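What's in start-v4.pdb: PDB, C-alpha atoms and all ligand atoms
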```pdb
ATOM      1  CA  MET Y   1      22.500   8.059  -3.595
ATOM      2  CA  THR Y   2      24.168   4.684  -3.043
ATOM      3  CA  THR Y   3      23.817   1.587  -5.237
ATOM      4  CA  THR Y   4      21.476   0.095  -2.663
ATOM      5  CA  THR Y   5      19.038   2.982  -3.161
ATOM      6  CA  LEU Y   6      16.609   2.216  -5.970
ATOM      7  CA  VAL Y   7      14.394   5.254  -5.597
ATOM      8  CA  ALA Y   8      15.471   8.606  -4.196
ATOM      9  CA  ALA Y   9      13.067  11.518  -4.091
ATOM     10  CA  LYS Y  10      13.825  14.959  -2.669
ATOM     11  CA  ALA Y  11      11.161  17.629  -2.375
ATOM     12  CA  LEU Y  12       9.277  15.686  -5.055
ATOM     13  CA  THR Y  13       6.215  17.605  -6.175
ATOM     14  CA  LYS Y  14       3.283  17.005  -8.514
ATOM     15  CA  ARG Y  15       0.925  19.814  -9.428
ATOM     16  CA  PHE Y  16      -2.205  19.611 -11.543
ATOM     17  CA  GLY Y  17      -2.796  23.228 -12.503
ATOM     18  CA  THR Y  18      -2.738  25.070  -9.207
ATOM     19  CA  PHE Y  19      -3.542  21.959  -7.166
ATOM     20  CA  GLU Y  20      -0.611  20.285  -5.434
ATOM     21  CA  ALA Y  21      -1.255  16.540  -5.222
ATOM     22  CA  VAL Y  22       2.265  15.736  -3.953
ATOM     23  CA  ARG Y  23       3.788  18.476  -1.820
ATOM     24  CA  GLY Y  24       7.531  18.057  -1.683
ATOM     25  CA  ILE Y  25       8.141  14.571  -0.320
ATOM     26  CA  ASP Y  26      11.481  12.949   0.553
ATOM     27  CA  VAL Y  27      11.616   9.185   0.061
ATOM     28  CA  GLU Y  28      14.354   6.599  -0.224
ATOM     29  CA  VAL Y  29      13.629   3.008  -1.210
ATOM     30  CA  ARG Y  30      16.440   0.492  -0.746
ATOM     31  CA  ARG Y  31      17.144  -2.658  -2.689
ATOM     32  CA  GLY Y  32      15.370  -5.752  -1.370
ATOM     33  CA  GLU Y  33      12.831  -4.031   0.849
ATOM     34  CA  ALA Y  34       9.084  -3.823   0.604
ATOM     35  CA  PHE Y  35       8.253  -0.143   0.913
ATOM     36  CA  GLY Y  36       4.742   1.176   1.425
ATOM     37  CA  PHE Y  37       2.789   4.358   0.878
ATOM     38  CA  LEU Y  38      -0.139   4.267   3.296
ATOM     39  CA  GLY Y  39      -2.881   6.845   2.935
ATOM     40  CA  LEU Y  40      -6.507   7.525   2.182
ATOM     41  CA  ASN Y  41      -7.849   8.075  -1.316
ATOM     42  CA  GLY Y  42      -6.525  11.374  -2.567
ATOM     43  CA  ALA Y  43      -3.425  11.380  -0.343
ATOM     44  CA  GLY Y  44      -1.157  11.477  -3.391
ATOM     45  CA  LYS Y  45      -0.038   7.843  -3.490
ATOM     46  CA  SER Y  46      -0.935   7.120  -7.108
ATOM     47  CA  SER Y  47       0.492  10.433  -8.292
ATOM     48  CA  THR Y  48       3.770   9.502  -6.612
ATOM     49  CA  MET Y  49       3.716   6.025  -8.136
ATOM     50  CA  ARG Y  50       3.137   7.421 -11.602
ATOM     51  CA  MET Y  51       6.166   9.692 -11.266
ATOM     52  CA  VAL Y  52       8.303   6.744 -10.125
ATOM     53  CA  SER Y  53       7.019   4.568 -12.974
ATOM     54  CA  CYS Y  54       7.948   7.331 -15.429
ATOM     55  CA  THR Y  55       4.392   7.747 -16.705
ATOM     56  CA  SER Y  56       3.834  11.220 -15.279
ATOM     57  CA  PRO Y  57       6.540  13.906 -15.168
ATOM     58  CA  ARG Y  58       7.324  15.570 -11.855
ATOM     59  CA  THR Y  59       6.629  19.267 -11.541
ATOM     60  CA  GLY Y  60       9.258  19.906  -8.893
ATOM     61  CA  GLY Y  61      12.032  18.410  -6.813
ATOM     62  CA  GLU Y  62      14.448  15.622  -7.607
ATOM     63  CA  LEU Y  63      13.788  12.016  -8.508
ATOM     64  CA  ARG Y  64      16.163   9.181  -9.320
ATOM     65  CA  VAL Y  65      14.905   5.697 -10.132
ATOM     66  CA  LEU Y  66      17.492   2.911 -10.490
ATOM     67  CA  GLY Y  67      20.081   5.673 -10.513
ATOM     68  CA  MET Y  68      18.548   7.446 -13.502
ATOM     69  CA  ASP Y  69      16.366  10.478 -14.097
ATOM     70  CA  PRO Y  70      12.810   9.674 -15.293
ATOM     71  CA  ASP Y  71      12.773  12.920 -17.314
ATOM     72  CA  THR Y  72      15.601  11.787 -19.545
ATOM     73  CA  ASP Y  73      15.871   8.011 -19.045
ATOM     74  CA  GLY Y  74      12.196   6.960 -18.933
ATOM     75  CA  PRO Y  75      12.448   4.075 -21.416
ATOM     76  CA  ARG Y  76      15.633   2.667 -19.851
ATOM     77  CA  ILE Y  77      14.080   2.792 -16.386
ATOM     78  CA  ARG Y  78      10.767   1.317 -17.520
ATOM     79  CA  ALA Y  79      12.561  -1.649 -19.101
ATOM     80  CA  ARG Y  80      13.734  -2.658 -15.611
ATOM     81  CA  LEU Y  81      10.462  -1.956 -13.753
ATOM     82  CA  GLY Y  82       7.316  -3.971 -13.234
ATOM     83  CA  VAL Y  83       4.147  -1.924 -12.881
ATOM     84  CA  VAL Y  84       0.818  -3.129 -11.513
ATOM     85  CA  PRO Y  85      -1.679  -0.291 -11.942
ATOM     86  CA  GLN Y  86      -4.693   0.255  -9.703
ATOM     87  CA  GLN Y  87      -7.085  -0.939 -12.424
ATOM     88  CA  ASP Y  88      -6.292  -4.189 -14.209
ATOM     89  CA  ASN Y  89      -5.607  -3.409 -17.854
ATOM     90  CA  LEU Y  90      -5.463  -6.921 -19.250
ATOM     91  CA  ASP Y  91      -6.517  -7.810 -22.767
ATOM     92  CA  THR Y  92      -9.770  -9.422 -21.759
ATOM     93  CA  GLU Y  93     -10.430 -11.094 -25.096
ATOM     94  CA  LEU Y  94      -7.117 -12.928 -25.027
ATOM     95  CA  THR Y  95      -6.332 -16.001 -22.970
ATOM     96  CA  VAL Y  96      -4.223 -15.985 -19.830
ATOM     97  CA  ARG Y  97      -1.234 -17.346 -21.736
ATOM     98  CA  GLN Y  98      -1.658 -14.910 -24.633
ATOM     99  CA  ASN Y  99      -1.718 -11.971 -22.244
ATOM    100  CA  LEU Y 100       1.685 -12.972 -20.936
ATOM    101  CA  GLU Y 101       3.128 -13.829 -24.323
ATOM    102  CA  VAL Y 102       1.994 -10.639 -26.042
ATOM    103  CA  TYR Y 103       3.439  -8.557 -23.215
ATOM    104  CA  GLY Y 104       6.696 -10.511 -23.291
ATOM    105  CA  ARG Y 105       7.023  -9.765 -26.988
ATOM    106  CA  TYR Y 106       6.837  -6.022 -26.220
ATOM    107  CA  PHE Y 107      10.028  -6.491 -24.239
ATOM    108  CA  GLY Y 108      11.686  -8.093 -27.229
ATOM    109  CA  LEU Y 109      11.854 -11.641 -25.869
ATOM    110  CA  SER Y 110      12.069 -14.405 -28.476
ATOM    111  CA  ARG Y 111       9.069 -16.629 -29.092
ATOM    112  CA  ALA Y 112      10.711 -19.537 -27.258
ATOM    113  CA  ALA Y 113      11.773 -17.365 -24.329
ATOM    114  CA  VAL Y 114       8.295 -15.886 -24.075
ATOM    115  CA  ARG Y 115       6.713 -19.324 -24.078
ATOM    116  CA  ALA Y 116       8.959 -20.555 -21.273
ATOM    117  CA  LYS Y 117       8.474 -17.356 -19.278
ATOM    118  CA  ALA Y 118       4.683 -17.507 -19.625
ATOM    119  CA  GLY Y 119       4.697 -21.085 -18.304
ATOM    120  CA  GLU Y 120       6.817 -20.111 -15.324
ATOM    121  CA  LEU Y 121       4.681 -17.058 -14.539
ATOM    122  CA  MET Y 122       1.397 -18.972 -14.777
ATOM    123  CA  GLU Y 123       2.833 -21.450 -12.268
ATOM    124  CA  PHE Y 124       3.783 -18.560  -9.996
ATOM    125  CA  ALA Y 125       0.347 -16.952 -10.326
ATOM    126  CA  GLN Y 126      -1.387 -20.302  -9.782
ATOM    127  CA  LEU Y 127      -3.138 -19.951 -13.122
ATOM    128  CA  THR Y 128      -1.649 -22.892 -15.024
ATOM    129  CA  ASP Y 129      -4.981 -24.678 -15.192
ATOM    130  CA  ARG Y 130      -6.488 -21.519 -16.701
ATOM    131  CA  ALA Y 131      -3.751 -21.066 -19.307
ATOM    132  CA  ASP Y 132      -6.077 -21.264 -22.273
ATOM    133  CA  ALA Y 133      -9.103 -19.633 -20.670
ATOM    134  CA  GLU Y 134     -10.111 -16.134 -21.694
ATOM    135  CA  VAL Y 135      -9.471 -13.457 -19.106
ATOM    136  CA  GLU Y 136     -12.914 -11.865 -18.946
ATOM    137  CA  PRO Y 137     -14.662 -14.537 -16.824
ATOM    138  CA  LEU Y 138     -11.794 -14.894 -14.319
ATOM    139  CA  SER Y 139     -12.360 -13.835 -10.708
ATOM    140  CA  GLY Y 140     -10.995 -10.518  -9.466
ATOM    141  CA  GLY Y 141      -8.223 -12.310  -7.574
ATOM    142  CA  MET Y 142      -7.162 -14.275 -10.645
ATOM    143  CA  LYS Y 143      -7.075 -11.128 -12.778
ATOM    144  CA  ARG Y 144      -4.919  -9.399 -10.194
ATOM    145  CA  ARG Y 145      -2.533 -12.349 -10.073
ATOM    146  CA  LEU Y 146      -2.339 -12.321 -13.853
ATOM    147  CA  THR Y 147      -1.630  -8.581 -13.879
ATOM    148  CA  ILE Y 148       1.179  -9.195 -11.393
ATOM    149  CA  ALA Y 149       2.483 -12.145 -13.435
ATOM    150  CA  ARG Y 150       2.469  -9.957 -16.521
ATOM    151  CA  SER Y 151       4.413  -7.224 -14.736
ATOM    152  CA  LEU Y 152       7.148  -9.806 -14.044
ATOM    153  CA  VAL Y 153       7.700 -10.740 -17.685
ATOM    154  CA  ASN Y 154      10.892  -8.649 -17.889
ATOM    155  CA  ASP Y 155      12.304  -9.885 -14.538
ATOM    156  CA  PRO Y 156      12.035  -6.409 -12.995
ATOM    157  CA  GLU Y 157      14.324  -5.319 -10.185
ATOM    158  CA  LEU Y 158      11.644  -3.061  -8.817
ATOM    159  CA  LEU Y 159       7.938  -3.850  -8.780
ATOM    160  CA  LEU Y 160       5.394  -1.065  -8.254
ATOM    161  CA  LEU Y 161       1.974  -2.127  -7.014
ATOM    162  CA  ASP Y 162      -0.806   0.451  -6.747
ATOM    163  CA  GLU Y 163      -3.420  -0.798  -4.267
ATOM    164  CA  PRO Y 164      -2.842  -4.448  -5.157
ATOM    165  CA  THR Y 165      -5.723  -5.930  -3.179
ATOM    166  CA  THR Y 166      -8.431  -3.267  -3.310
ATOM    167  CA  GLY Y 167     -11.764  -4.911  -4.040
ATOM    168  CA  LEU Y 168     -10.612  -8.484  -3.388
ATOM    169  CA  ASP Y 169     -12.189 -10.835  -0.856
ATOM    170  CA  PRO Y 170     -10.096 -11.911   2.170
ATOM    171  CA  GLN Y 171      -9.093 -15.262   0.713
ATOM    172  CA  ALA Y 172      -7.940 -13.711  -2.557
ATOM    173  CA  ARG Y 173      -5.995 -11.067  -0.627
ATOM    174  CA  HIS Y 174      -4.140 -13.659   1.437
ATOM    175  CA  LEU Y 175      -3.241 -15.618  -1.675
ATOM    176  CA  LEU Y 176      -1.920 -12.460  -3.277
ATOM    177  CA  TRP Y 177       0.074 -11.460  -0.193
ATOM    178  CA  ASP Y 178       1.653 -14.905  -0.234
ATOM    179  CA  ARG Y 179       2.771 -14.358  -3.843
ATOM    180  CA  LEU Y 180       4.211 -10.968  -2.964
ATOM    181  CA  PHE Y 181       6.132 -12.498  -0.053
ATOM    182  CA  ARG Y 182       7.665 -14.957  -2.482
ATOM    183  CA  LEU Y 183       8.766 -12.167  -4.770
ATOM    184  CA  LYS Y 184      10.343 -10.398  -1.844
ATOM    185  CA  GLN Y 185      12.181 -13.556  -0.864
ATOM    186  CA  ALA Y 186      13.405 -13.828  -4.442
ATOM    187  CA  GLY Y 187      15.012 -10.408  -4.014
ATOM    188  CA  VAL Y 188      12.530  -8.190  -5.869
ATOM    189  CA  THR Y 189      12.145  -4.741  -4.344
ATOM    190  CA  LEU Y 190       8.481  -3.853  -3.865
ATOM    191  CA  ILE Y 191       6.765  -0.500  -3.612
ATOM    192  CA  ILE Y 192       3.146  -0.796  -2.561
ATOM    193  CA  THR Y 193       0.454   1.791  -2.099
ATOM    194  CA  THR Y 194      -2.442   0.851   0.106
ATOM    195  CA  HIS Y 195      -5.178   2.229   2.299
ATOM    196  CA  TYR Y 196      -5.364  -1.069   4.181
ATOM    197  CA  MET Y 197      -3.365  -0.916   7.371
ATOM    198  CA  ASP Y 198      -3.298  -4.708   7.682
ATOM    199  CA  GLU Y 199      -1.769  -4.942   4.222
ATOM    200  CA  ALA Y 200       0.896  -2.412   5.174
ATOM    201  CA  GLU Y 201       1.605  -4.293   8.402
ATOM    202  CA  GLN Y 202       1.788  -7.648   6.632
ATOM    203  CA  LEU Y 203       3.894  -6.663   3.665
ATOM    204  CA  CYS Y 204       5.946  -3.576   4.329
ATOM    205  CA  ASP Y 205       9.364  -3.468   5.944
ATOM    206  CA  ARG Y 206       9.163   0.301   5.917
ATOM    207  CA  LEU Y 207       6.434   2.732   5.022
ATOM    208  CA  VAL Y 208       5.438   6.349   4.911
ATOM    209  CA  VAL Y 209       2.069   7.608   6.043
ATOM    210  CA  MET Y 210       0.815  10.071   3.418
ATOM    211  CA  ASP Y 211      -1.799  12.689   4.127
ATOM    212  CA  GLY Y 212      -2.810  15.552   1.884
ATOM    213  CA  GLY Y 213       0.209  15.159  -0.399
ATOM    214  CA  ARG Y 214       2.690  15.181   2.481
ATOM    215  CA  ILE Y 215       4.527  12.543   4.468
ATOM    216  CA  ALA Y 216       3.284  12.519   8.031
ATOM    217  CA  ALA Y 217       5.670   9.833   9.326
ATOM    218  CA  GLU Y 218       8.125   7.187   8.207
ATOM    219  CA  GLY Y 219       9.378   3.924   9.715
ATOM    220  CA  SER Y 220       8.762   0.207  10.058
ATOM    221  CA  PRO Y 221       5.251  -0.724  11.203
ATOM    222  CA  ALA Y 222       6.622  -1.679  14.644
ATOM    223  CA  GLU Y 223       8.606   1.574  14.954
ATOM    224  CA  LEU Y 224       5.610   3.667  13.997
ATOM    225  CA  ILE Y 225       3.418   1.893  16.525
ATOM    226  CA  ARG Y 226       6.055   2.409  19.245
ATOM    227  CA  ARG Y 227       6.480   6.059  18.351
ATOM    228  CA  TYR Y 228       2.879   7.094  17.849
ATOM    229  CA  SER Y 229       0.780   4.742  19.938
ATOM    230  CA  THR Y 230       0.697   2.877  23.236
ATOM    231  CA  ARG Y 231       1.110  -0.857  23.720
ATOM    232  CA  GLU Y 232      -2.612  -1.498  24.138
ATOM    233  CA  VAL Y 233      -5.914   0.065  23.260
ATOM    234  CA  LEU Y 234      -9.157  -0.273  25.163
ATOM    235  CA  GLU Y 235     -12.188   0.184  22.924
ATOM    236  CA  LEU Y 236     -15.451   1.059  24.624
ATOM    237  CA  ARG Y 237     -18.878   1.249  23.000
ATOM    238  CA  PHE Y 238     -21.762   3.027  24.648
ATOM    239  CA  PRO Y 239     -25.504   3.154  23.968
ATOM    240  CA  PRO Y 240     -26.254   5.810  21.320
ATOM    241  CA  GLY Y 241     -25.907   9.318  22.718
ATOM    242  CA  GLN Y 242     -24.538   8.141  26.047
ATOM    243  CA  GLN Y 243     -20.859   7.828  25.399
ATOM    244  CA  SER Y 244     -18.838  10.021  27.627
ATOM    245  CA  ALA Y 245     -15.150  10.530  27.165
ATOM    246  CA  ALA Y 246     -15.150  12.806  30.190
ATOM    247  CA  ALA Y 247     -15.766   9.835  32.487
ATOM    248  CA  VAL Y 248     -12.645   8.030  31.310
ATOM    249  CA  HIS Y 249     -10.327  10.764  30.042
ATOM    250  CA  ASP Y 250      -7.876  10.390  32.925
ATOM    251  CA  LEU Y 251      -7.647   6.587  32.654
ATOM    252  CA  ALA Y 252      -5.327   6.571  29.645
ATOM    253  CA  GLU Y 253      -2.439   8.472  28.087
ATOM    254  CA  ARG Y 254      -4.730   9.569  25.305
ATOM    255  CA  VAL Y 255      -8.444   9.208  24.542
ATOM    256  CA  GLU Y 256      -9.958   9.354  21.064
ATOM    257  CA  VAL Y 257     -13.691   9.756  20.631
ATOM    258  CA  LEU Y 258     -14.965   8.237  17.374
ATOM    259  CA  PRO Y 259     -18.603   8.315  16.256
ATOM    260  CA  ASP Y 260     -19.111   4.690  17.279
ATOM    261  CA  ARG Y 261     -16.591   4.139  20.095
ATOM    262  CA  VAL Y 262     -14.143   5.629  22.543
ATOM    263  CA  LEU Y 263     -10.504   4.521  22.320
ATOM    264  CA  LEU Y 264      -8.267   4.598  25.393
ATOM    265  CA  TYR Y 265      -4.541   4.457  24.652
ATOM    266  CA  THR Y 266      -2.719   2.823  27.525
ATOM    267  CA  ALA Y 267       0.003   0.297  28.361
ATOM    268  CA  ASP Y 268      -2.521  -1.847  30.204
ATOM    269  CA  GLY Y 269      -6.014  -2.077  28.735
ATOM    270  CA  GLU Y 270      -7.389  -4.475  31.332
ATOM    271  CA  ALA Y 271      -6.330  -2.171  34.170
ATOM    272  CA  ALA Y 272      -8.023   0.771  32.447
ATOM    273  CA  LEU Y 273     -11.175  -1.292  31.992
ATOM    274  CA  SER Y 274     -11.225  -2.268  35.687
ATOM    275  CA  ALA Y 275     -10.733   1.362  36.648
ATOM    276  CA  ALA Y 276     -13.612   2.402  34.375
ATOM    277  CA  HIS Y 277     -15.885  -0.251  35.881
ATOM    278  CA  ALA Y 278     -14.855   0.807  39.389
ATOM    279  CA  ARG Y 279     -16.135   4.320  38.772
ATOM    280  CA  GLY Y 280     -19.438   3.102  37.374
ATOM    281  CA  VAL Y 281     -18.758   3.437  33.636
ATOM    282  CA  ARG Y 282     -20.984   0.903  31.890
ATOM    283  CA  PRO Y 283     -20.124   0.390  28.223
ATOM    284  CA  VAL Y 284     -22.249  -1.904  26.059
ATOM    285  CA  SER Y 285     -19.077  -3.661  25.014
ATOM    286  CA  SER Y 286     -15.367  -3.454  25.628
ATOM    287  CA  LEU Y 287     -12.313  -4.785  23.843
ATOM    288  CA  VAL Y 288      -8.642  -4.742  24.768
ATOM    289  CA  ARG Y 289      -6.296  -5.088  21.808
ATOM    290  CA  ARG Y 290      -2.742  -4.340  20.771
ATOM    291  CA  SER Y 291      -2.068  -1.096  18.948
ATOM    292  CA  SER Y 292      -1.985  -1.285  15.177
ATOM    293  CA  LEU Y 293      -1.074   0.994  12.290
ATOM    294  CA  GLU Y 294      -4.707   2.068  12.319
ATOM    295  CA  ASP Y 295      -4.007   3.792  15.630
ATOM    296  CA  VAL Y 296      -0.877   5.406  14.234
ATOM    297  CA  PHE Y 297      -2.879   6.680  11.290
ATOM    298  CA  LEU Y 298      -5.610   8.084  13.512
ATOM    299  CA  ARG Y 299      -3.041   9.829  15.687
ATOM    300  CA  LEU Y 300      -1.232  11.363  12.715
ATOM    301  CA  THR Y 301      -4.172  12.349  10.537
ATOM    302  CA  GLY Y 302      -7.144  12.512  12.885
ATOM    303  CA  ARG Y 303      -8.948  10.121  10.594
ATOM    304  CA  THR Y 304      -9.588   6.386  10.446
ATOM    305  CA  LEU Y 305      -8.674   4.288   7.439
ATOM    306  CA  VAL Y 306     -11.863   2.297   7.547
ATOM    307  CA  ASP Y 307     -15.160   4.119   7.775
TER     308      ASP Y 307
HETATM  309  N1  LIG I 401      -4.811  14.108 -13.632
HETATM  310  C1  LIG I 401      -5.234  14.786 -12.569
HETATM  311  N2  LIG I 401      -5.732  16.033 -12.692
HETATM  312  C2  LIG I 401      -6.146  16.736 -11.624
HETATM  313  N3  LIG I 401      -6.120  16.272 -10.359
HETATM  314  C3  LIG I 401      -5.637  15.039 -10.166
HETATM  315  C4  LIG I 401      -5.174  14.227 -11.258
HETATM  316  N4  LIG I 401      -4.747  13.043 -10.738
HETATM  317  C5  LIG I 401      -4.945  13.115  -9.413
HETATM  318  N5  LIG I 401      -5.458  14.292  -9.055
HETATM  319  C6  LIG I 401      -5.799  14.739  -7.695
HETATM  320  O1  LIG I 401      -4.643  14.615  -6.898
HETATM  321  C7  LIG I 401      -4.962  14.147  -5.599
HETATM  322  C8  LIG I 401      -4.136  12.931  -5.290
HETATM  323  O2  LIG I 401      -4.567  11.876  -6.141
HETATM  324  P1  LIG I 401      -3.883  10.453  -6.127
HETATM  325  O3  LIG I 401      -4.583   9.607  -7.127
HETATM  326  O4  LIG I 401      -2.431  10.595  -6.214
HETATM  327  O5  LIG I 401      -4.250   9.971  -4.670
HETATM  328  P2  LIG I 401      -4.180   8.524  -4.057
HETATM  329  O6  LIG I 401      -3.634   8.693  -2.679
HETATM  330  O7  LIG I 401      -3.448   7.599  -4.924
HETATM  331  O8  LIG I 401      -5.668   8.093  -4.007
HETATM  332  P3  LIG I 401      -6.407   7.017  -4.894
HETATM  333  O9  LIG I 401      -6.340   5.794  -4.078
HETATM  334  O10 LIG I 401      -7.773   7.570  -5.024
HETATM  335  O11 LIG I 401      -5.687   6.919  -6.198
HETATM  336  C9  LIG I 401      -6.458  13.906  -5.595
HETATM  337  O12 LIG I 401      -7.091  15.003  -4.980
HETATM  338  C10 LIG I 401      -6.818  13.819  -7.060
HETATM  339  O13 LIG I 401      -8.126  14.283  -7.281
END
```
Show how you would write the structure in this file as structure tokens.
Ligand SMILES: Nc1ncnc2c1ncn2[C@@H]1O[C@H](COP(=O)(O)OP(=O)(O)OP(=O)(O)O)[C@@H](O)[C@H]1O
Amino acid sequence: MTTTTLVAAKALTKRFGTFEAVRGIDVEVRRGEAFGFLGLNGAGKSSTMRMVSCTSPRTGGELRVLGMDPDTDGPRIRARLGVVPQQDNLDTELTVRQNLEVYGRYFGLSRAAVRAKAGELMEFAQLTDRADAEVEPLSGGMKRRLTIARSLVNDPELLLLDEPTTGLDPQARHLLWDRLFRLKQAGVTLIITTHYMDEAEQLCDRLVVMDGGRIAAEGSPAELIRRYSTREVLELRFPPGQQSAAAVHDLAERVEVLPDRVLLYTADGEAALSAAHARGVRPVSSLVRRSSLEDVFLRLTGRTLVD
């Protein structure tokens, strides 16, 4: 492990009784990158995050975080981490400012330092005008931003975010992504779990696709798309019960039949569409688009991320 490696896992395993939630994964997260775990619910993302955040011991394999072993150096590692859990765990009866100040005190900051830090973090989280408001009535997006602000109280080198935007509306998600970009620019290393492929594409320099506790593939979003998909995808929808993959199966490198549409993987979607029309295929609608991580995920796991 080099000094630029912040997290190194080898054959990392988590068992609950006889059930293996994480089945021997190898992962390396480097300083300054935004690294993602992409997978459906139950893939083992949170279990992995909890081992990295030193809140759940591993049951097998090796794990180093910031060069130390979570089994023996948990407190020293945690002091240099920021953790944003899947569920906000703010003190809802305290104000925005108090939430930050109380947390800062846990890290042993002086009263004056905590005050200054809280001001800076409220600015960052765009919550300054809510400083003295109680947390309970805040919107979901504001609570998330406050949870992230709170996780930054100790100036962490590594920030772990477990499904940071689940349950937020599109506007709140974009605002949050913008904040995470800023952190990245400021040199904070990010590890993000998500089941949103657009989030992974937007935020992650590198990611692993997790499925059933295993890593199915690893790379940058662009690399994964190049490796596991074609340049374009033609989506065809047919009247209920009439869709026929057989009629178009030879018009693309690969054809996927989903319950609601047929996907043709090809370098040239328009050409495939013309060819389909020429042989009398009459979809209700058609769409040519660029390949996305969604397509990579479907190829690797046989499942779609969005139902
Ligand atoms: N404490 C536990 N005891 C028993 N089984 C668990 C425990 N925690 C997680 N699991 C199981 O391990 C598997 C992986 O869960 P995990 O939470 O890591 O998945 P995930 O990819 O993060 O999904 P989610 O988004 O739902 O958290 C699931 O099948 C889950 O039911």
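Distances to Y:Leu12 were evaluated for Y:Leu138, Y:Met122, Y:Leu287, Y:Ile215 using all atoms listed in the file, and the minimum falls at Y:Ile215.
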Long-range neighbours of stretch 225-236 of chain Y as a PDB file with C-alpha atoms, in the frame of the given file, 9 Å cut-off, only C-alpha atoms, 5 positions minimum in chain:
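part.pdb, freshly written:
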```pdb
ATOM      1  CA  SER Y 220       8.762   0.207  10.058  1.00  0.00           C
ATOM      2  CA  GLN Y 243     -20.859   7.828  25.399  1.00  0.00           C
ATOM      3  CA  GLU Y 253      -2.439   8.472  28.087  1.00  0.00           C
ATOM      4  CA  ARG Y 254      -4.730   9.569  25.305  1.00  0.00           C
ATOM      5  CA  ASP Y 260     -19.111   4.690  17.279  1.00  0.00           C
ATOM      6  CA  ARG Y 261     -16.591   4.139  20.095  1.00  0.00           C
ATOM      7  CA  VAL Y 262     -14.143   5.629  22.543  1.00  0.00           C
ATOM      8  CA  LEU Y 263     -10.504   4.521  22.320  1.00  0.00           C
ATOM      9  CA  LEU Y 264      -8.267   4.598  25.393  1.00  0.00           C
ATOM     10  CA  TYR Y 265      -4.541   4.457  24.652  1.00  0.00           C
ATOM     11  CA  THR Y 266      -2.719   2.823  27.525  1.00  0.00           C
ATOM     12  CA  ALA Y 267       0.003   0.297  28.361  1.00  0.00           C
ATOM     13  CA  ASP Y 268      -2.521  -1.847  30.204  1.00  0.00           C
ATOM     14  CA  GLY Y 269      -6.014  -2.077  28.735  1.00  0.00           C
ATOM     15  CA  GLU Y 270      -7.389  -4.475  31.332  1.00  0.00           C
ATOM     16  CA  ALA Y 272      -8.023   0.771  32.447  1.00  0.00           C
ATOM     17  CA  LEU Y 273     -11.175  -1.292  31.992  1.00  0.00           C
ATOM     18  CA  PRO Y 283     -20.124   0.390  28.223  1.00  0.00           C
ATOM     19  CA  VAL Y 284     -22.249  -1.904  26.059  1.00  0.00           C
ATOM     20  CA  SER Y 285     -19.077  -3.661  25.014  1.00  0.00           C
ATOM     21  CA  SER Y 286     -15.367  -3.454  25.628  1.00  0.00           C
ATOM     22  CA  LEU Y 287     -12.313  -4.785  23.843  1.00  0.00           C
ATOM     23  CA  VAL Y 288      -8.642  -4.742  24.768  1.00  0.00           C
ATOM     24  CA  ARG Y 289      -6.296  -5.088  21.808  1.00  0.00           C
ATOM     25  CA  ARG Y 290      -2.742  -4.340  20.771  1.00  0.00           C
ATOM     26  CA  SER Y 291      -2.068  -1.096  18.948  1.00  0.00           C
ATOM     27  CA  SER Y 292      -1.985  -1.285  15.177  1.00  0.00           C
ATOM     28  CA  LEU Y 293      -1.074   0.994  12.290  1.00  0.00           C
ATOM     29  CA  ASP Y 295      -4.007   3.792  15.630  1.00  0.00           C
ATOM     30  CA  VAL Y 296      -0.877   5.406  14.234  1.00  0.00           C
ATOM     31  CA  PHE Y 297      -2.879   6.680  11.290  1.00  0.00           C
ATOM     32  CA  ARG Y 299      -3.041   9.829  15.687  1.00  0.00           C
ATOM     33  CA  LEU Y 300      -1.232  11.363  12.715  1.00  0.00           C
TER      34      LEU Y 300
END
```
Exercise: residues within 8 Å of coordinate (4.1, -2.0, 2.4), counting all atoms listed in the file, as a VMD selection string: chain Y and resid 34 to 38 190 to 194 199 to 207
Can you write out the residues you just picked, keeping C-alpha atoms, as a compact mmCIF listing (two decimals), keeping the file's coordinate frame?
```
# COMPACT_ATOMS: atom_id res chain seq x y z
CA ALA Y 34 9.08 -3.82 0.60
CA PHE Y 35 8.25 -0.14 0.91
CA GLY Y 36 4.74 1.18 1.42
CA PHE Y 37 2.79 4.36 0.88
CA LEU Y 38 -0.14 4.27 3.30
CA LEU Y 190 8.48 -3.85 -3.86
CA ILE Y 191 6.76 -0.50 -3.61
CA ILE Y 192 3.15 -0.80 -2.56
CA THR Y 193 0.45 1.79 -2.10
CA THR Y 194 -2.44 0.85 0.11
CA GLU Y 199 -1.77 -4.94 4.22
CA ALA Y 200 0.90 -2.41 5.17
CA GLU Y 201 1.60 -4.29 8.40
CA GLN Y 202 1.79 -7.65 6.63
CA LEU Y 203 3.89 -6.66 3.66
CA CYS Y 204 5.95 -3.58 4.33
CA ASP Y 205 9.36 -3.47 5.94
CA ARG Y 206 9.16 0.30 5.92
CA LEU Y 207 6.43 2.73 5.02
```
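Taking all atoms listed in the file, the non-local environment of Y:Lys184 within 8 Å (same-chain residues fewer than 3 positions away omitted) comprises Gly32, Glu33, Ala34, Leu180, Phe181, Gly187, Val188, Thr189 and Leu190 of chain Y.
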Take the selection from the previous step and output its residues with C-alpha atoms, as an mmCIF file, in the frame of the given file.
```
data_model
loop_
_atom_site.group_PDB
_atom_site.id
_atom_site.type_symbol
_atom_site.label_atom_id
_atom_site.label_comp_id
_atom_site.auth_asym_id
_atom_site.auth_seq_id
_atom_site.Cartn_x
_atom_site.Cartn_y
_atom_site.Cartn_z
ATOM 1 C CA GLY Y 32 15.370 -5.752 -1.370
ATOM 2 C CA GLU Y 33 12.831 -4.031 0.849
ATOM 3 C CA ALA Y 34 9.084 -3.823 0.604
ATOM 4 C CA LEU Y 180 4.211 -10.968 -2.964
ATOM 5 C CA PHE Y 181 6.132 -12.498 -0.053
ATOM 6 C CA GLY Y 187 15.012 -10.408 -4.014
ATOM 7 C CA VAL Y 188 12.530 -8.190 -5.869
ATOM 8 C CA THR Y 189 12.145 -4.741 -4.344
ATOM 9 C CA LEU Y 190 8.481 -3.853 -3.865
#
```
